[in-house]
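To be precise, the following lines are query_37.cif, and they hold mmCIF, C-alpha atoms and all ligand atoms.
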data_structure
loop_
_atom_site.label_atom_id
_atom_site.label_comp_id
_atom_site.auth_asym_id
_atom_site.auth_seq_id
_atom_site.Cartn_x
_atom_site.Cartn_y
_atom_site.Cartn_z
CA MET O 974 16.98 -50.72 5.91
CA THR O 975 14.57 -48.55 3.96
CA SER O 976 15.20 -47.95 0.30
CA ASP O 977 13.76 -44.45 0.37
CA PRO O 978 16.42 -42.09 -1.05
CA SER O 979 15.88 -39.41 1.61
CA THR O 980 16.59 -41.91 4.39
CA ILE O 981 19.53 -43.50 2.56
CA VAL O 982 21.31 -40.15 2.23
CA ALA O 983 20.47 -38.84 5.73
CA HIS O 984 20.87 -41.94 7.88
CA ASP O 985 24.08 -43.67 8.99
CA GLU O 986 25.02 -46.38 11.43
CA ASP O 987 26.87 -44.94 14.43
CA PHE O 988 30.32 -43.56 13.82
CA PRO O 989 32.98 -43.68 16.57
CA GLY O 990 32.03 -41.62 19.63
CA GLY O 991 28.48 -41.15 18.36
CA ALA O 992 29.62 -38.73 15.64
CA VAL O 993 26.92 -38.07 13.03
CA VAL O 994 29.45 -37.28 10.32
CA PRO O 995 31.92 -39.96 9.19
CA PRO O 996 35.62 -39.59 9.95
CA ILE O 997 37.95 -38.87 7.03
CA PHE O 998 40.34 -41.82 6.97
CA GLN O 999 43.18 -39.74 5.57
CA THR O 1000 45.62 -42.64 5.44
CA SER O 1001 47.36 -44.36 2.56
CA LEU O 1002 47.70 -47.75 4.28
CA PHE O 1003 46.27 -49.89 7.07
CA THR O 1004 48.30 -52.10 9.40
CA PHE O 1005 47.53 -55.50 10.89
CA GLY O 1006 48.02 -56.95 14.37
CA SER O 1007 49.23 -60.37 13.25
CA TYR O 1008 50.47 -62.39 10.29
CA GLN O 1009 47.08 -64.14 10.19
CA GLU O 1010 45.10 -60.87 9.95
CA LEU O 1011 47.41 -59.63 7.20
CA GLU O 1012 47.12 -62.90 5.29
CA ASP O 1013 43.31 -62.94 5.65
CA ALA O 1014 43.14 -59.45 4.16
CA MET O 1015 45.55 -60.29 1.31
CA ALA O 1016 43.60 -63.46 0.51
CA GLY O 1017 40.32 -61.56 0.47
CA ARG O 1018 38.99 -63.58 3.41
CA SER O 1019 38.41 -60.37 5.38
CA ARG O 1020 37.14 -57.10 3.90
CA ARG O 1021 39.64 -55.05 5.88
CA PRO O 1022 41.18 -52.24 3.84
CA ILE O 1023 44.86 -52.73 2.98
CA TYR O 1024 45.82 -49.67 0.95
CA SER O 1025 43.76 -46.63 -0.12
CA ARG O 1026 44.31 -47.20 -3.86
CA GLY O 1027 42.04 -50.15 -3.16
CA ASP O 1028 39.65 -49.63 -0.29
CA ASN O 1029 39.28 -46.75 2.13
CA PRO O 1030 36.55 -46.64 4.81
CA THR O 1031 35.39 -43.09 4.01
CA VAL O 1032 35.14 -43.93 0.31
CA GLN O 1033 33.29 -47.15 1.20
CA ILE O 1034 30.56 -45.11 2.92
CA PHE O 1035 30.04 -43.17 -0.31
CA GLU O 1036 30.07 -46.39 -2.38
CA ALA O 1037 27.47 -48.02 -0.13
CA LYS O 1038 25.14 -45.02 -0.30
CA VAL O 1039 25.28 -44.73 -4.09
CA ALA O 1040 24.77 -48.48 -4.46
CA ALA O 1041 21.67 -48.23 -2.23
CA LEU O 1042 20.37 -45.23 -4.20
CA GLU O 1043 20.76 -47.08 -7.52
CA GLY O 1044 19.38 -50.36 -6.12
CA ALA O 1045 22.75 -51.98 -6.88
CA ALA O 1046 24.50 -54.79 -5.00
CA ALA O 1047 27.83 -52.95 -5.19
CA ALA O 1048 29.54 -49.76 -6.34
CA ARG O 1049 33.11 -48.63 -7.04
CA ALA O 1050 34.14 -45.00 -6.70
CA PHE O 1051 36.76 -43.38 -8.93
CA ALA O 1052 38.76 -40.17 -9.12
CA SER O 1053 36.60 -38.91 -12.01
CA GLY O 1054 33.61 -39.82 -14.11
CA MET O 1055 36.01 -40.64 -16.95
CA ALA O 1056 37.91 -43.10 -14.70
CA ALA O 1057 34.56 -44.76 -13.90
CA ILE O 1058 33.63 -44.92 -17.59
CA SER O 1059 37.03 -46.35 -18.61
CA ALA O 1060 36.83 -49.00 -15.88
CA ALA O 1061 33.28 -50.01 -16.84
CA VAL O 1062 34.16 -50.28 -20.52
CA LEU O 1063 37.66 -51.79 -20.27
CA SER O 1064 36.60 -54.48 -17.80
CA ASN O 1065 34.13 -55.80 -20.37
CA LEU O 1066 36.09 -55.55 -23.63
CA ARG O 1067 39.10 -57.35 -25.03
CA ALA O 1068 41.21 -56.74 -28.13
CA GLY O 1069 39.31 -57.36 -31.33
CA GLU O 1070 35.87 -56.95 -29.74
CA ARG O 1071 33.20 -54.40 -30.60
CA MET O 1072 31.08 -51.89 -28.70
CA VAL O 1073 27.88 -50.12 -29.76
CA CYS O 1074 27.44 -46.59 -28.41
CA VAL O 1075 24.73 -43.95 -28.69
CA ARG O 1076 25.54 -40.74 -30.55
CA HIS O 1077 25.75 -37.50 -28.55
CA CYS O 1078 27.46 -39.25 -25.66
CA TYR O 1079 29.63 -37.15 -23.34
CA PRO O 1080 32.40 -35.62 -25.53
CA ASP O 1081 35.37 -37.02 -23.57
CA ALA O 1082 33.72 -40.46 -23.49
CA TRP O 1083 33.48 -40.20 -27.29
CA ARG O 1084 37.19 -39.26 -27.43
CA LEU O 1085 38.09 -42.27 -25.24
CA PHE O 1086 36.03 -44.56 -27.47
CA THR O 1087 37.39 -43.19 -30.75
CA SER O 1088 41.03 -42.55 -29.88
CA ILE O 1089 42.08 -44.96 -27.08
CA LEU O 1090 39.92 -48.06 -27.68
CA PRO O 1091 41.05 -48.44 -31.33
CA ARG O 1092 44.64 -48.80 -30.01
CA PHE O 1093 43.43 -52.08 -28.51
CA ASP O 1094 41.77 -53.00 -31.79
CA ILE O 1095 38.33 -52.36 -30.28
CA GLN O 1096 35.80 -50.99 -32.73
CA VAL O 1097 33.02 -48.65 -31.61
CA ASP O 1098 29.90 -48.14 -33.73
CA PHE O 1099 27.78 -45.08 -33.00
CA VAL O 1100 24.02 -45.31 -33.43
CA ASP O 1101 20.98 -43.07 -33.00
CA GLY O 1102 19.74 -44.08 -29.55
CA HIS O 1103 16.23 -42.81 -30.34
CA ASP O 1104 15.93 -45.53 -32.93
CA ALA O 1105 15.69 -48.79 -30.95
CA PRO O 1106 15.53 -51.03 -34.07
CA ALA O 1107 18.75 -49.39 -35.35
CA VAL O 1108 20.46 -50.13 -32.02
CA GLU O 1109 19.19 -53.72 -32.13
CA ARG O 1110 20.49 -54.16 -35.68
CA ALA O 1111 23.92 -52.97 -34.59
CA LEU O 1112 24.09 -55.27 -31.54
CA PRO O 1113 24.86 -58.78 -32.88
CA GLY O 1114 28.49 -59.57 -32.11
CA ALA O 1115 28.97 -56.55 -29.82
CA ARG O 1116 30.23 -57.15 -26.27
CA VAL O 1117 29.13 -53.80 -24.79
CA LEU O 1118 26.19 -51.48 -25.37
CA TYR O 1119 26.98 -47.98 -24.07
CA LEU O 1120 24.00 -45.71 -23.37
CA GLU O 1121 23.59 -42.22 -21.98
CA SER O 1122 19.96 -41.27 -21.37
CA PRO O 1123 19.41 -38.41 -21.81
CA THR O 1124 22.56 -37.71 -23.87
CA SER O 1125 24.83 -34.70 -23.50
CA VAL O 1126 23.96 -31.29 -25.05
CA VAL O 1127 20.81 -32.32 -26.96
CA PHE O 1128 19.28 -34.71 -24.37
CA GLU O 1129 18.13 -37.58 -26.55
CA THR O 1130 16.59 -40.38 -24.49
CA GLN O 1131 16.72 -44.14 -25.01
CA ASP O 1132 14.28 -46.94 -24.22
CA LEU O 1133 16.27 -48.52 -21.38
CA PRO O 1134 14.09 -51.63 -20.76
CA ARG O 1135 14.03 -52.52 -24.46
CA LEU O 1136 17.73 -51.87 -25.10
CA GLY O 1137 18.84 -53.53 -21.85
CA ALA O 1138 16.90 -56.66 -22.85
CA ALA O 1139 18.26 -56.54 -26.42
CA ALA O 1140 21.84 -56.34 -25.13
CA ARG O 1141 21.27 -59.27 -22.77
CA ALA O 1142 19.82 -61.35 -25.59
CA GLU O 1143 23.03 -60.76 -27.57
CA GLY O 1144 25.30 -61.51 -24.61
CA ALA O 1145 26.45 -57.88 -24.40
CA VAL O 1146 26.90 -55.92 -21.17
CA SER O 1147 24.78 -52.75 -21.13
CA ILE O 1148 26.16 -49.63 -19.46
CA VAL O 1149 24.30 -46.35 -18.98
CA ASP O 1150 25.64 -42.96 -17.94
CA ASN O 1151 23.00 -41.76 -15.44
CA SER O 1152 24.68 -38.47 -14.44
CA TRP O 1153 21.87 -36.30 -15.87
CA ALA O 1154 18.89 -37.85 -14.04
CA SER O 1155 20.71 -39.07 -10.91
CA PRO O 1156 19.21 -42.06 -9.06
CA ILE O 1157 16.53 -39.72 -7.73
CA PHE O 1158 14.86 -39.58 -11.15
CA GLN O 1159 16.08 -42.74 -12.91
CA ARG O 1160 17.20 -46.15 -11.65
CA PRO O 1161 18.39 -47.98 -14.77
CA LEU O 1162 19.29 -51.24 -13.03
CA GLU O 1163 15.60 -51.73 -12.24
CA HIS O 1164 14.95 -51.52 -15.99
CA GLY O 1165 17.39 -54.27 -16.91
CA VAL O 1166 20.57 -52.29 -17.60
CA ASP O 1167 23.70 -54.02 -16.26
CA LEU O 1168 25.93 -51.15 -15.10
CA VAL O 1169 25.31 -47.51 -14.17
CA VAL O 1170 28.12 -44.95 -14.36
CA HIS O 1171 28.08 -41.45 -12.95
CA SER O 1172 30.17 -38.38 -13.09
CA ALA O 1173 29.83 -37.71 -9.35
CA SER O 1174 31.35 -34.30 -10.13
CA LYS O 1175 27.82 -33.32 -11.18
CA TYR O 1176 24.68 -33.94 -9.07
CA LEU O 1177 25.98 -36.55 -6.62
CA GLY O 1178 28.57 -34.06 -5.32
CA GLY O 1179 26.31 -31.14 -6.08
CA HIS O 1180 28.55 -28.32 -4.85
CA SER O 1181 31.11 -27.98 -7.67
CA ASP O 1182 33.95 -28.83 -5.31
CA VAL O 1183 34.76 -32.44 -6.28
CA VAL O 1184 35.77 -34.35 -9.40
CA ALA O 1185 34.74 -37.99 -8.97
CA GLY O 1186 32.96 -40.95 -10.57
CA VAL O 1187 31.23 -44.17 -9.60
CA VAL O 1188 30.13 -47.45 -11.22
CA CYS O 1189 27.19 -49.44 -9.78
CA GLY O 1190 25.85 -52.88 -10.60
CA ARG O 1191 25.66 -56.56 -9.75
CA ARG O 1192 28.42 -57.83 -7.49
CA GLU O 1193 29.81 -60.07 -10.25
CA LEU O 1194 30.27 -57.09 -12.60
CA ILE O 1195 31.87 -54.90 -9.92
CA GLU O 1196 34.16 -57.82 -9.04
CA ARG O 1197 35.10 -58.00 -12.71
CA ILE O 1198 36.18 -54.35 -12.47
CA ASP O 1199 38.06 -55.06 -9.21
CA ALA O 1200 39.86 -58.04 -10.69
CA GLY O 1201 40.55 -56.66 -14.15
CA VAL O 1202 41.29 -52.96 -14.35
CA PHE O 1203 40.91 -51.54 -10.88
CA PRO O 1204 43.21 -50.83 -9.06
CA LEU O 1205 45.70 -51.25 -11.90
CA LEU O 1206 44.59 -48.14 -13.77
CA GLY O 1207 44.82 -46.37 -10.41
CA GLY O 1208 42.01 -43.86 -10.76
CA LYS O 1209 40.79 -44.35 -7.20
CA LEU O 1210 38.77 -41.79 -5.26
CA ALA O 1211 40.61 -40.06 -2.40
CA PRO O 1212 39.21 -40.09 1.18
CA PHE O 1213 38.55 -36.35 1.41
CA GLU O 1214 36.65 -36.38 -1.88
CA GLY O 1215 34.67 -39.39 -0.59
CA TRP O 1216 33.79 -37.38 2.51
CA LEU O 1217 32.68 -34.34 0.46
CA LEU O 1218 30.51 -36.63 -1.66
CA VAL O 1219 28.80 -38.15 1.38
CA ARG O 1220 28.04 -34.60 2.50
CA GLY O 1221 26.80 -33.62 -0.95
CA LEU O 1222 24.50 -36.64 -1.11
CA ARG O 1223 22.67 -35.54 2.06
CA THR O 1224 20.67 -33.00 0.04
CA LEU O 1225 20.50 -34.80 -3.32
CA PRO O 1226 16.72 -35.50 -3.20
CA LEU O 1227 15.96 -31.89 -2.20
CA ARG O 1228 18.30 -30.40 -4.79
CA MET O 1229 16.99 -32.56 -7.62
CA ARG O 1230 13.39 -31.58 -6.91
CA ARG O 1231 14.36 -27.92 -7.04
CA HIS O 1232 16.46 -28.30 -10.23
CA HIS O 1233 13.54 -30.14 -11.83
CA GLU O 1234 10.97 -27.44 -11.04
CA SER O 1235 13.15 -24.43 -11.89
CA ALA O 1236 14.56 -25.83 -15.12
CA LEU O 1237 11.18 -26.97 -16.39
CA ALA O 1238 9.69 -23.52 -15.67
CA ILE O 1239 12.58 -21.81 -17.44
CA ALA O 1240 12.46 -24.22 -20.40
CA LYS O 1241 8.75 -23.41 -20.89
CA ARG O 1242 9.43 -19.67 -20.81
CA LEU O 1243 12.28 -20.07 -23.29
CA LEU O 1244 9.97 -22.02 -25.58
CA GLY O 1245 7.61 -19.03 -25.71
CA HIS O 1246 10.37 -16.48 -26.37
CA PRO O 1247 10.60 -14.99 -29.90
CA ARG O 1248 14.43 -15.26 -30.01
CA VAL O 1249 14.39 -19.01 -29.26
CA VAL O 1250 14.14 -21.48 -32.16
CA ARG O 1251 13.84 -24.67 -30.08
CA VAL O 1252 14.36 -26.00 -26.59
CA CYS O 1253 15.96 -29.39 -25.81
CA HIS O 1254 14.44 -30.74 -22.61
CA PRO O 1255 13.33 -34.39 -22.36
CA LEU O 1256 9.98 -33.54 -20.74
CA LEU O 1257 9.01 -30.87 -23.31
CA GLY O 1258 7.86 -31.48 -26.85
CA ASP O 1259 7.68 -34.94 -28.44
CA PRO O 1260 8.28 -37.47 -25.67
CA GLY O 1261 11.40 -39.47 -26.50
CA PRO O 1262 11.57 -43.25 -26.01
CA GLY O 1263 13.33 -42.91 -22.65
CA VAL O 1264 10.84 -40.60 -20.96
CA ALA O 1265 8.93 -43.53 -19.45
CA THR O 1266 11.80 -44.34 -17.06
CA LEU O 1267 12.37 -40.70 -16.00
CA ALA O 1268 10.57 -39.76 -12.77
CA GLY O 1269 11.72 -36.16 -13.14
CA ALA O 1270 14.19 -33.93 -14.92
CA SER O 1271 17.40 -32.25 -13.88
CA GLY O 1272 18.53 -28.63 -14.16
CA LEU O 1273 20.23 -29.20 -17.48
CA LEU O 1274 18.68 -28.15 -20.80
CA SER O 1275 19.67 -26.39 -23.99
CA PHE O 1276 18.12 -24.05 -26.49
CA GLU O 1277 18.85 -22.77 -29.96
CA LEU O 1278 19.14 -19.04 -30.35
CA ASP O 1279 17.70 -17.31 -33.40
CA GLY O 1280 20.82 -15.39 -34.30
CA ASP O 1281 24.38 -15.45 -35.61
CA GLN O 1282 27.70 -15.80 -33.82
CA ALA O 1283 27.55 -12.14 -32.76
CA ALA O 1284 24.15 -12.66 -31.17
CA ILE O 1285 25.46 -15.68 -29.21
CA ARG O 1286 28.39 -13.61 -27.97
CA ALA O 1287 26.11 -10.74 -27.01
CA PHE O 1288 23.80 -13.10 -25.11
CA CYS O 1289 26.65 -14.76 -23.20
CA ASP O 1290 28.37 -11.48 -22.35
CA ALA O 1291 25.11 -9.97 -21.09
CA LEU O 1292 24.47 -12.77 -18.54
CA ARG O 1293 24.98 -11.75 -14.92
CA LEU O 1294 23.66 -14.59 -12.75
CA PHE O 1295 24.44 -17.39 -15.19
CA LYS O 1296 28.19 -17.86 -15.33
CA LEU O 1297 29.95 -19.14 -18.44
CA GLY O 1298 31.56 -22.53 -17.99
CA VAL O 1299 31.67 -26.25 -18.60
CA SER O 1300 30.38 -28.88 -16.18
CA TRP O 1301 27.11 -28.61 -14.24
CA GLY O 1302 25.27 -30.15 -11.29
CA GLY O 1303 26.30 -27.67 -8.60
CA HIS O 1304 24.35 -24.94 -6.85
CA GLU O 1305 25.25 -22.34 -9.48
CA SER O 1306 23.62 -21.59 -12.80
CA LEU O 1307 25.82 -21.94 -15.86
CA ALA O 1308 25.67 -21.31 -19.59
CA PHE O 1309 27.82 -23.09 -22.15
CA PRO O 1310 27.64 -22.05 -25.82
CA VAL O 1311 28.26 -24.95 -28.22
CA ALA O 1312 29.97 -22.44 -30.55
CA ALA O 1313 32.79 -22.07 -27.99
CA GLY O 1314 32.94 -25.89 -27.60
CA LEU O 1315 33.41 -26.19 -31.37
CA ALA O 1316 36.56 -24.09 -31.03
CA GLN O 1317 38.22 -26.96 -29.12
CA GLN O 1318 41.10 -28.44 -31.12
CA GLY O 1319 41.21 -32.02 -32.37
CA ALA O 1320 38.43 -34.46 -33.18
CA ASN O 1321 35.21 -32.93 -31.91
CA PRO O 1322 32.01 -34.94 -31.40
CA LEU O 1323 29.92 -31.75 -31.41
CA ALA O 1324 30.98 -31.27 -35.03
CA VAL O 1325 30.89 -34.99 -35.91
CA PHE O 1326 27.31 -35.32 -34.63
CA GLY O 1327 26.31 -32.06 -36.31
CA VAL O 1328 25.24 -30.15 -33.20
CA SER O 1329 24.08 -26.66 -34.20
CA PRO O 1330 26.56 -23.93 -33.20
CA ALA O 1331 23.55 -21.82 -32.17
CA ILE O 1332 22.79 -24.15 -29.23
CA ILE O 1333 23.46 -22.86 -25.74
CA ARG O 1334 23.37 -25.30 -22.82
CA LEU O 1335 22.06 -24.05 -19.49
CA HIS O 1336 22.41 -25.51 -16.05
CA VAL O 1337 19.63 -24.07 -13.90
CA GLY O 1338 21.02 -23.89 -10.38
CA LEU O 1339 19.45 -23.33 -7.00
CA GLU O 1340 19.07 -19.53 -7.19
CA ASP O 1341 15.63 -17.92 -7.26
CA ARG O 1342 13.80 -18.94 -10.43
CA ASP O 1343 12.43 -15.47 -11.22
CA ASP O 1344 15.87 -13.91 -10.79
CA LEU O 1345 17.26 -16.48 -13.22
CA TRP O 1346 14.53 -15.84 -15.77
CA SER O 1347 15.06 -12.06 -15.54
CA ASP O 1348 18.74 -12.62 -16.26
CA LEU O 1349 18.02 -14.76 -19.32
CA ALA O 1350 15.32 -12.38 -20.57
CA GLN O 1351 17.55 -9.29 -20.39
CA ALA O 1352 20.39 -11.20 -22.10
CA LEU O 1353 18.02 -12.39 -24.87
CA ASP O 1354 16.97 -8.77 -25.41
CA ARG O 1355 20.61 -7.89 -26.17
CA THR O 1356 20.79 -10.36 -29.01
CA SER O 1357 18.72 -8.23 -31.35
CA ASP O 1358 20.86 -5.07 -30.90
C1 LIG N 1401 31.05 -34.58 -16.84
C2 LIG N 1401 30.52 -35.82 -17.43
C3 LIG N 1401 31.28 -36.99 -17.48
C4 LIG N 1401 32.73 -37.03 -17.08
O1 LIG N 1401 32.88 -36.90 -15.71
P1 LIG N 1401 34.21 -36.30 -15.03
O2 LIG N 1401 33.88 -36.39 -13.57
O3 LIG N 1401 34.35 -34.89 -15.53
O4 LIG N 1401 35.35 -37.16 -15.43
C5 LIG N 1401 30.67 -38.14 -17.93
N1 LIG N 1401 29.40 -38.14 -18.36
C6 LIG N 1401 28.65 -37.03 -18.35
C7 LIG N 1401 27.25 -37.08 -18.85
C8 LIG N 1401 29.18 -35.83 -17.89
O5 LIG N 1401 28.45 -34.72 -17.92
#

Could you render the structure from this file as structure tokens?
Amino acid sequence: MTSDPSTIVAHDEDFPGGAVVPPIFQTSLFTFGSYQELEDAMAGRSRRPIYSRGDNPTVQIFEAKVAALEGAAAARAFASGMAAISAAVLSNLRAGERMVCVRHCYPDAWRLFTSILPRFDIQVDFVDGHDAPAVERALPGARVLYLESPTSVVFETQDLPRLGAAARAEGAVSIVDNSWASPIFQRPLEHGVDLVVHSASKYLGGHSDVVAGVVCGRRELIERIDAGVFPLLGGKLAPFEGWLLVRGLRTLPLRMRRHHESALAIAKRLLGHPRVVRVCHPLLGDPGPGVATLAGASGLLSFELDGDQAAIRAFCDALRLFKLGVSWGGHESLAFPVAAGLAQQGANPLAVFGVSPAIIRLHVGLEDRDDLWSDLAQALDRTSD
């Protein structure tokens, strides 16, 4: 089979009756015709699904497609990106061990690493992922290196080939969150990273109608997840969500191209606007260390507004096409002001990492680019009232 992403997402082997869309196997369990068939499945001698907390044929179609897109031998789908992240991390760490993680990782991943892992006596050290020597200095003795390139909110990139090799040299498993670039623009396994995790709620689904996650990698590492934490943590993807994801994937290459073009055009216009202090977009400004492995950019960027809290409020309230909200990766354009994120109670990585409250994150959706720019421009005009 071809490894071209457009063919992977569009092509399937025949489904029953010649259907071009897979059936939704909306069943919790699967039955067997004989004791021998049941025993073969229980012993792992046959790959027949037994129970949908483990395998489900509709979910397996999604897993196979994502594995092919990432160039992975295997993939495991989960009920959320966080379930995928917990499985990837917990299957490779034991009590008393240590993990190194880049700063500015996804906020709930940071909360998992700083509030749940310490209960198992697992220490997590956060490092500046830009600074490869600093990461390498932190690595000796660590069992896991957790990367996210580009990172959340400020989009810092990391040198994946160098850090993947450094982790391997220290006997640590490297994991990268690839939700931002998607396999269309970055294939970390080809650059020596061990495991890729995704929030499939973002680009893989692409329509803002699914919460899901997936882990991809070598068979041995996926088997470690299967044997160790999955299905015992139970965060398995449901068949209908698997079906929606297969549908979403059909247009992933097309959508990513469009997000790339529109967001880059808007980022450049923001950069030239007098009310904008700076723009965070990996392909603009000083190239970060991880730009070499990015074949394109997504629709996600952020910018710092020249103004106080009142100006940020005025900007957000003036937006018409951009909606205010968390998440991203769907058809719709979104704005998320860091200032509102800072209002969240409890330990807050945005504050810990010193993210400026004047930063506003944008997800540039699939609407007309000029319409989107007009919306931003009229909202920026309101900030100087
Ligand atoms: C949203 C997100 C996650 C978490 O995924 P969920 O599907 O919401 O659990 C992880 N990483 C990144 C970069 C994200 O944006």

*Hey, can you check how far atom CA of Ser1174 of chain O sits from atom CA of Val1187 of chain O?*
9.9 Å

*To one decimal in Å, tell me the separation between atom CA of Glu1129 of chain O and atom CA of Cys1253 of chain O.*
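It comes out at 8.5 Å.
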
How would you report the residues lying within 9 Å of ligand LIG 1401 (chain N), as a short mmCIF file (atom, residue, chain, number, x, y, z; two decimals) with C-alpha atoms, in the coordinates of the input, if you count only C-alpha atoms and all ligand atoms?
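The file below, selection.cif, is the result:
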data_model
loop_
_atom_site.label_atom_id
_atom_site.label_comp_id
_atom_site.auth_asym_id
_atom_site.auth_seq_id
_atom_site.Cartn_x
_atom_site.Cartn_y
_atom_site.Cartn_z
CA PHE O 1051 36.76 -43.38 -8.93
CA ALA O 1052 38.76 -40.17 -9.12
CA SER O 1053 36.60 -38.91 -12.01
CA GLY O 1054 33.61 -39.82 -14.11
CA MET O 1055 36.01 -40.64 -16.95
CA ALA O 1056 37.91 -43.10 -14.70
CA ALA O 1057 34.56 -44.76 -13.90
CA ILE O 1058 33.63 -44.92 -17.59
CA CYS O 1078 27.46 -39.25 -25.66
CA TYR O 1079 29.63 -37.15 -23.34
CA PRO O 1080 32.40 -35.62 -25.53
CA ASP O 1081 35.37 -37.02 -23.57
CA ALA O 1082 33.72 -40.46 -23.49
CA GLU O 1121 23.59 -42.22 -21.98
CA SER O 1122 19.96 -41.27 -21.37
CA PRO O 1123 19.41 -38.41 -21.81
CA THR O 1124 22.56 -37.71 -23.87
CA SER O 1125 24.83 -34.70 -23.50
CA ASP O 1150 25.64 -42.96 -17.94
CA ASN O 1151 23.00 -41.76 -15.44
CA SER O 1152 24.68 -38.47 -14.44
CA TRP O 1153 21.87 -36.30 -15.87
CA VAL O 1170 28.12 -44.95 -14.36
CA HIS O 1171 28.08 -41.45 -12.95
CA SER O 1172 30.17 -38.38 -13.09
CA ALA O 1173 29.83 -37.71 -9.35
CA SER O 1174 31.35 -34.30 -10.13
CA LYS O 1175 27.82 -33.32 -11.18
CA VAL O 1183 34.76 -32.44 -6.28
CA VAL O 1184 35.77 -34.35 -9.40
CA ALA O 1185 34.74 -37.99 -8.97
CA GLY O 1186 32.96 -40.95 -10.57
CA VAL O 1299 31.67 -26.25 -18.60
CA SER O 1300 30.38 -28.88 -16.18
CA TRP O 1301 27.11 -28.61 -14.24
CA GLY O 1302 25.27 -30.15 -11.29
#

*In terms of the shortest atom-to-atom distance over all atoms listed in the file, which of O:Pro1262, O:Gly1298, O:Gly991, O:Gly1207 is closest to Asp1132 of chain O?*
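Among the listed residues, the smallest separation from Asp1132 of chain O belongs to O:Pro1262.
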
_Surrounding residues of segment 1086-1095 of chain O excluding itself and chain neighbours under 6 positions, 8 Å, all atoms listed in the file, as a PyMOL selection string_ = chain O and resi 1066-1072
